[in-house]
There are 2 protein chains.
Amino acid sequence: MAKEKMVKAITSMEEDFAKWYTDVVLKAELIDYASVKGCMIIRPYGWAIWENIQKIMDGMFKETGHENVSMPMFIPESLLQKEKDHVEGFAPEVAWVTHGGNDELEERMCVRPTSETLFCDHYKNIIHSWRDLPKLYNQWCSVVRWEKTTRPFLRSREFHWQEGHTIHATAEEAQAETIRMLNIYAEFAEKYLAIPVIKGVKTEKERFAGAVNTYTIEAMMHDGKALQSGTSHFFGDGFAKAFGIQYADKENKLATPFQTSWGVSTRLIGAIIMTHGDDNGLVLPPAIAPIQLIVVPIAAHKEGVTEKAEEVTDRLKNICRAKIDNSDNSPGWKFAEYEMKGVPLRLELGPRDIENNQCVLVRRDNGEKVTVSLDELETKVPEMLEAVRDGLYNKALANRTEKTYVAKTMEEMIDIADNKPGFIKAMWCEDRACEEALKEKAGVSSRCMPFEQEQLAPTCICCGKPAKKMVYWGKAY
Amino acid sequence: MAKEKMVKAITSMEEDFAKWYTDVVLKAELIDYASVKGCMIIRPYGWAIWENIQKIMDGMFKETGHENVSMPMFIPESLLQKEKDHVEGFAPEVAWVTHGGNDELEERMCVRPTSETLFCDHYKNIIHSWRDLPKLYNQWCSVVRWEKTTRPFLRSREFHWQEGHTIHATAEEAQAETIRMLNIYAEFAEKYLAIPVIKGVKTEKERFAGAVNTYTIEAMMHDGKALQSGTSHFFGDGFAKAFGIQYADKENKLATPFQTSWGVSTRLIGAIIMTHGDDNGLVLPPAIAPIQLIVVPIAAHKEGVTEKAEEVTDRLKNICRAKIDNSDNSPGWKFAEYEMKGVPLRLELGPRDIENNQCVLVRRDNGEKVTVSLDELETKVPEMLEAVRDGLYNKALANRTEKTYVAKTMEEMIDIADNKPGFIKAMWCEDRACEEALKEKAGVSSRCMPFEQEQLAPTCICCGKPAKKMVYWGKAY
């Protein structure tokens, strides 16, 4: 009955996906709304997910030679304006600080929307010789973009992210770094978040303000819409020239270095929710789940049950993030509660189980129940956690495969875009006018030009001129 | 010669302590100045120290049941104003955001100088019943206070810290939490930073804006000046009442909860520098040193030296944060470089050492050199790291003991304050007028009323009325 109540407490995905999403972020206690519109409070359970993401990813960055730094959160207006494309892209959506205490500032400053300009200013100070290169820097912080419409994790005025900023002696090195970090993002998404992604390059229209090229990983949500989940930018020497960064090369001649930047954000939590979630709530990939296994004692009032359940929990704490719920809530209430919170495995242990030296393990992703000997827990639990990850990945991949279409004519494109939410593969001439026409007529944006190209047709779907690229199109968050 | 050059590159402590400090933070590559006045760039080596501090402390918080959350960085003006004392204390020094993009905001907001008001606003949403209490929350973030004069780590307009915010059913519980966290700060400072601290309570004048009581750990720097190194505040129910936070108690009656907050910041890095540093630069306590041991090959061009040094480094990486410097700089240059960076242990390994299956270990804190068999490294290195920690602690404690004075008359107080930088213990009547007179006449502020009270005299040093408390007085950063 308690379970019934919990389940009914959220809207079903099919009924209203957007409402389902909001229900989940609130009921799973990931966030609370804040008094500043468009900002959010990330509650302990939500923040623990982000901490797990940070920990794994930070390890991957450090293993590849990156170092963390901390830049100020403010950018003076004159500094933001140094790179022309960059300021045009960001100035309309920054928050401006005009006063310190009661005094008006001599120059107003914005809260960083991204930190390229701050890193460039620092690089100019510390880079003098080829010996100072490369610098492989990253920072974990929050940034502010004053968006008109916001949604928790997906688009908020303040959001947490990491921003890598690197600087290299040659264009080749910087280009290699850009791709290396994109690959790390893809590996992280697929291995740890169980989210399949498509790697590719953005069209000029969708490029980061100031970049020569923007690479992306694109994921498909359960409803068929796309979520840009991480980007990596190659800047060439544009920023370095705008900021006057130069170094003496091995021949002692002045040269201009090349830069990159790359970032992922708490959007990834939105991706997890919308990729794996179901009508019972959140479903978390084990690698980032704050609780990987919840122990629920059955008939806990019977002698020895609580003690045995605690003993089992203590054993499991050595191999995973295990927790016991010893509260006086009913088992049914607890089942619903930890389903809502997306805990990957549930372990049920009652008097009969104890007699038989066994327990029941239940997978959150597909409801599969197995009876397992208590002697085998140390091998079975890691196996089942791995199985949950694989199950989630395969289900997400199947969803993407099912909802990926090919369009060869504009009529097909419009028909699919109107009736079948998903990715649409179609050929393109690389003319921005055609990209804009597709947006206008079919309501789709270019997601990316995937690294794995296919030759679907010889001509552009829009203008009929020779096609240059296969593009993934779709509606996006 | 190279060493000579490095050493001469910084001002000596005796000559000009303030200049020495600035030289160290720059030469040890802890920070760079930023384009926004009063803000700083924390460079990789500085940030790695902070990450080590965070990691240990976060573990201590989590072990005691605290959870991390993330609040927005902005506070609407009306929210900041809800608690009268609090707004009076902070409003004069906040940075105000007035515009989002091109639009003026309906209500201006400040960048958080501290987050009590945000936590209260959230607590009001999520606390309804005694079952919801306590909440033991913490966040790691940066805050902004628009200070007039700034110094790296000690006082900057933006600084990084953690702020714990807890809420409890009873005043006793909240009071116990306040003291528990002060004790955790003291333990952290003494055990991991090797900094002896005095625990006590602040006078009313020095209290946090809005607090009933503020507890503090006070450390003495090498120059005899005090550094407030961590504070823990008991709020009573003042904030809860101002924000209308209530809960239904076990008898289902509405009750008002009690709150605390507590914080330490990157000031701790300033404390480390000024407690342990010397004329050769930084001296780091091993627990938070990014590099705990640096391996310097001697006569690296000789056959087998580099290989052996790398083998030794790899072995040591299993037991500490070890690194090898294989660059083509001279050993002397490297010695000076890692002394400047405060690396606790240096391992020298040359051809003769290799022949004898030994190496030389050198302590940064006192220059002590020992020849150690390569077979014993796994036991000797941890022992010596521990000895460095103990050496640093004892040296700091000796400095504090030496520079702690007792004053029984105003003449003594003024004489000591003028001529002997340090802590001055003296009795006080608890009257604010006397506290202000001491500031005016002797230039000292009250550091704290220590938990360990002594009865030095029966009367107040200033007015001659009956004394109520022994106070530590001093000049402070």
# chains A, B, ... in the order shown; residues from 1 in each chain; ligands from 1
>>> interface_residues(of="chain B", to="chain A", cutoff="8 Å", atoms="only C-alpha atoms", output="PyMOL selection string")
chain B and resi 32+34-36+39-44+47-48+67-76+91-102+121-122+146+158
>>> residues_around(residues="B:Ser446", least_positions_apart="3", cutoff="7 Å", atoms="only C-alpha atoms", output="PDB file with C-alpha atoms, in the first residue's frame")
ATOM      1  CA  VAL B 471      41.791  36.521  27.681  1.00  0.00           C
ATOM      2  CA  TYR B 472      44.486  36.002  25.045  1.00  0.00           C
ATOM      3  CA  TRP B 473      45.231  39.383  23.499  1.00  0.00           C
ATOM      4  CA  GLY B 474      47.389  40.085  20.497  1.00  0.00           C
TER       5      GLY B 474
END
>>> atom_distance(atom1="atom CA of A:Val87", atom2="atom CA of A:Ala209")
7.8 Å
>>> atom_distance(atom1="atom CA of A:Pro297", atom2="atom CA of A:Lys27")
23.4 Å
>>> select_by_dssp(residues="stretch 249-379 of chain A", states="helix (DSSP H, G or I)", output="ChimeraX atom specification")
/A:267-276,286-288,305-316,331-340,351-355,374-379
